[in-house]
Amino acid sequence: MRTVRTTRYVTPLREGGSLPAVIEADDEGMYVLKFRGAGQGPRALVAELIAGELARALGLPVPEIVKITLDPELARTEGDPEIQALIRASAGLNLGLDYLPGAIAFDPVADRPDSDLASAIVWFDAYVSNVDRTARNPNLMIWHRRLMLIDHGAALYFHHDWDNAEKAAASPFRMIADHVLLPFADSLEAADARMTAALDETLIRRAVDLVPDDWLDETAEAATAQSRRDGYIEHLCRRLQARHVFVEEALRARASV
């Protein structure tokens with residue numbers, strides 16, 4: 001995974017609850033920057049990185065994810081005190097997604113995604129417990145006529161309650177009934193076979209190992225960064241082994257659409 005350095009704060013994206021921003025980096029690219037100092041804290045960046053890179057490994061369309069270093073001195077050029085505070089609180093390593101110029105929000109009425117892709121996305125979001133892919137907030141964009149997945153910061157919500165991580169791994173994830181792509185996902189069993197064949201502990205470990213230690217340190221409380229890293233791997237492996245639970249729930253929800 002590449003690391004770039006912020007050279008210019010361009011504009012805030014105020015529709016996001018964590019106030020992400022479009023920034024320019026030293027590679028002359030533009031990125032949507034997710035701040036580690038935002039209200040959700042580093043857990044949102046951990047979820048974004050792990051879920052996003054697992055999705056990419058499984059062939060799902062995700063913008064490039066990069067690590068972005070942020071100099072707190074950039075706050076001096078911003079007039080908004082809220083943005084100044086956010087930049088200063090996020091000094092160091094943050095996360096960014098490649099900015100997609102001209103992309104438009106997915107419209108479940110006007111857009112009809114491919115059944116196989118929709119089914120794979122529904123399967124994946126059930127696997128990573130992504131609560132934020134609803135009609136109200138799809139976190140899907142259309143870019144050059146291609147569906148793109150953005151914002152996985154609300155996934156892996158088990159990490160807000162580590163004491164119940166094992167129980168969460170076997171959760172049916174009933175919120176899949178609200179998934180914006182569920183009406184289009186009519187090949188869930190085939191998607192389950194494809195995704196299961198492609199996903200293993202090696203891919204899971206590779207994605208988790210990309211997480212910087214200091215993000216894990218900040219979420220670890222009494223645990224160490226390595227024990228947290230092992231906890232993510234263990235949870236995701238257990239969830240894969242128990243996939244029939246969330247697949248059956250998705251099939252039940254799909255039958256009610």
# chains A, B, ... in the order shown; residues from 1 in each chain; ligands from 1
call {"tool": "closest_atom_pairs", "arguments": {"of": "stretch 120-163 of chain A", "to": "stretch 189-201 of chain A", "cutoff": "12 Å", "atoms": "only C-alpha atoms", "output": "CSV"}}
result
residue,atom,partner,partner_atom,distance
A:Ala120,CA,A:Ala191,CA,5.1
A:Ile121,CA,A:Ala191,CA,8.8
A:Val122,CA,A:Ala191,CA,9.0
A:Trp123,CA,A:Asp192,CA,6.7
A:Phe124,CA,A:Met195,CA,8.1
A:Asp125,CA,A:Met195,CA,11.9
A:Ala126,CA,A:Asp192,CA,10.9
A:Tyr127,CA,A:Met195,CA,10.2
call {"tool": "write_last_selection", "arguments": {"atoms": "N, CA and C atoms", "output": "short mmCIF file (atom, residue, chain, number, x, y, z; two decimals), in the first residue's frame"}}
result
data_model
loop_
_atom_site.label_atom_id
_atom_site.label_comp_id
_atom_site.auth_asym_id
_atom_site.auth_seq_id
_atom_site.Cartn_x
_atom_site.Cartn_y
_atom_site.Cartn_z
N ALA A 120 -22.61 -10.39 -4.85
CA ALA A 120 -21.30 -10.46 -4.21
C ALA A 120 -21.15 -9.35 -3.17
N ILE A 121 -21.65 -8.15 -3.48
CA ILE A 121 -21.55 -7.04 -2.54
C ILE A 121 -22.41 -7.30 -1.30
N VAL A 122 -23.62 -7.81 -1.51
CA VAL A 122 -24.48 -8.14 -0.37
C VAL A 122 -23.80 -9.20 0.50
N TRP A 123 -23.24 -10.23 -0.11
CA TRP A 123 -22.53 -11.27 0.64
C TRP A 123 -21.39 -10.64 1.45
N PHE A 124 -20.61 -9.81 0.79
CA PHE A 124 -19.44 -9.23 1.46
C PHE A 124 -19.85 -8.33 2.61
N ASP A 125 -20.87 -7.49 2.40
CA ASP A 125 -21.29 -6.58 3.47
C ASP A 125 -21.86 -7.34 4.65
N ALA A 126 -22.51 -8.48 4.39
CA ALA A 126 -22.96 -9.32 5.50
C ALA A 126 -21.76 -9.93 6.23
N TYR A 127 -20.76 -10.30 5.48
CA TYR A 127 -19.55 -10.89 6.08
C TYR A 127 -18.83 -9.91 6.99
#
call {"tool": "residues_around", "arguments": {"residues": "A:Ala105", "least_positions_apart": "4", "cutoff": "7 Å", "atoms": "only C-alpha atoms", "output": "PDB file with N, CA and C atoms, in the first residue's frame"}}
result
ATOM      1  N   LEU A 140     -22.322   4.068  -2.382  1.00  0.00           N
ATOM      2  CA  LEU A 140     -22.014   3.526  -3.706  1.00  0.00           C
ATOM      3  C   LEU A 140     -21.990   4.691  -4.686  1.00  0.00           C
ATOM      4  N   MET A 141     -21.021   4.669  -5.583  1.00  0.00           N
ATOM      5  CA  MET A 141     -20.919   5.702  -6.608  1.00  0.00           C
ATOM      6  C   MET A 141     -20.890   5.057  -7.981  1.00  0.00           C
ATOM      7  N   ILE A 142     -21.356   5.806  -8.972  1.00  0.00           N
ATOM      8  CA  ILE A 142     -21.227   5.395 -10.368  1.00  0.00           C
ATOM      9  C   ILE A 142     -20.137   6.268 -10.992  1.00  0.00           C
TER      10      ILE A 142
END
call {"tool": "closest_residue", "arguments": {"among": "A:Ile150, A:Leu156, A:Ala250, A:Val32", "to": "A:Ala169", "atoms": "only C-alpha atoms"}}
result
A:Leu156
call {"tool": "residues_around", "arguments": {"residues": "A:Phe246", "least_positions_apart": "2", "cutoff": "7 Å", "atoms": "only C-alpha atoms", "output": "MDAnalysis selection string"}}
result
chainID A and resid 126 171:173 243:244 248:250
call {"tool": "select_by_dssp", "arguments": {"residues": "stretch 13-183 of chain A", "states": "strand (DSSP E)", "output": "NGL selection string"}}
result
:A and (21-25 or 30-34 or 65-70 or 92-98 or 104-105 or 140-143 or 146-149)
call {"tool": "atom_distance", "arguments": {"atom1": "atom CA of A:Cys237", "atom2": "atom CA of A:Trp162"}}
result
15.5 Å
call {"tool": "residues_around", "arguments": {"residues": "A:Glu82", "least_positions_apart": "2", "cutoff": "12 Å", "atoms": "only C-alpha atoms", "output": "VMD selection string"}}
result
chain A and resid 12 14 18 to 19 37 to 39 75 78 to 80 84 to 89
call {"tool": "closest_residue", "arguments": {"among": "A:Asp151, A:Asp161, A:Asp98, A:Asp186", "to": "A:Asp114", "atoms": "only C-alpha atoms"}}
result
A:Asp186
call {"tool": "select_by_dssp", "arguments": {"residues": "stretch 50-235 of chain A", "states": "helix (DSSP H, G or I)", "output": "number ranges by chain"}}
result
A: 50-57, 72-77, 81-89, 115-127, 157-160, 162-169, 174-178, 182-184, 188-198, 201-208, 213-220, 225-235
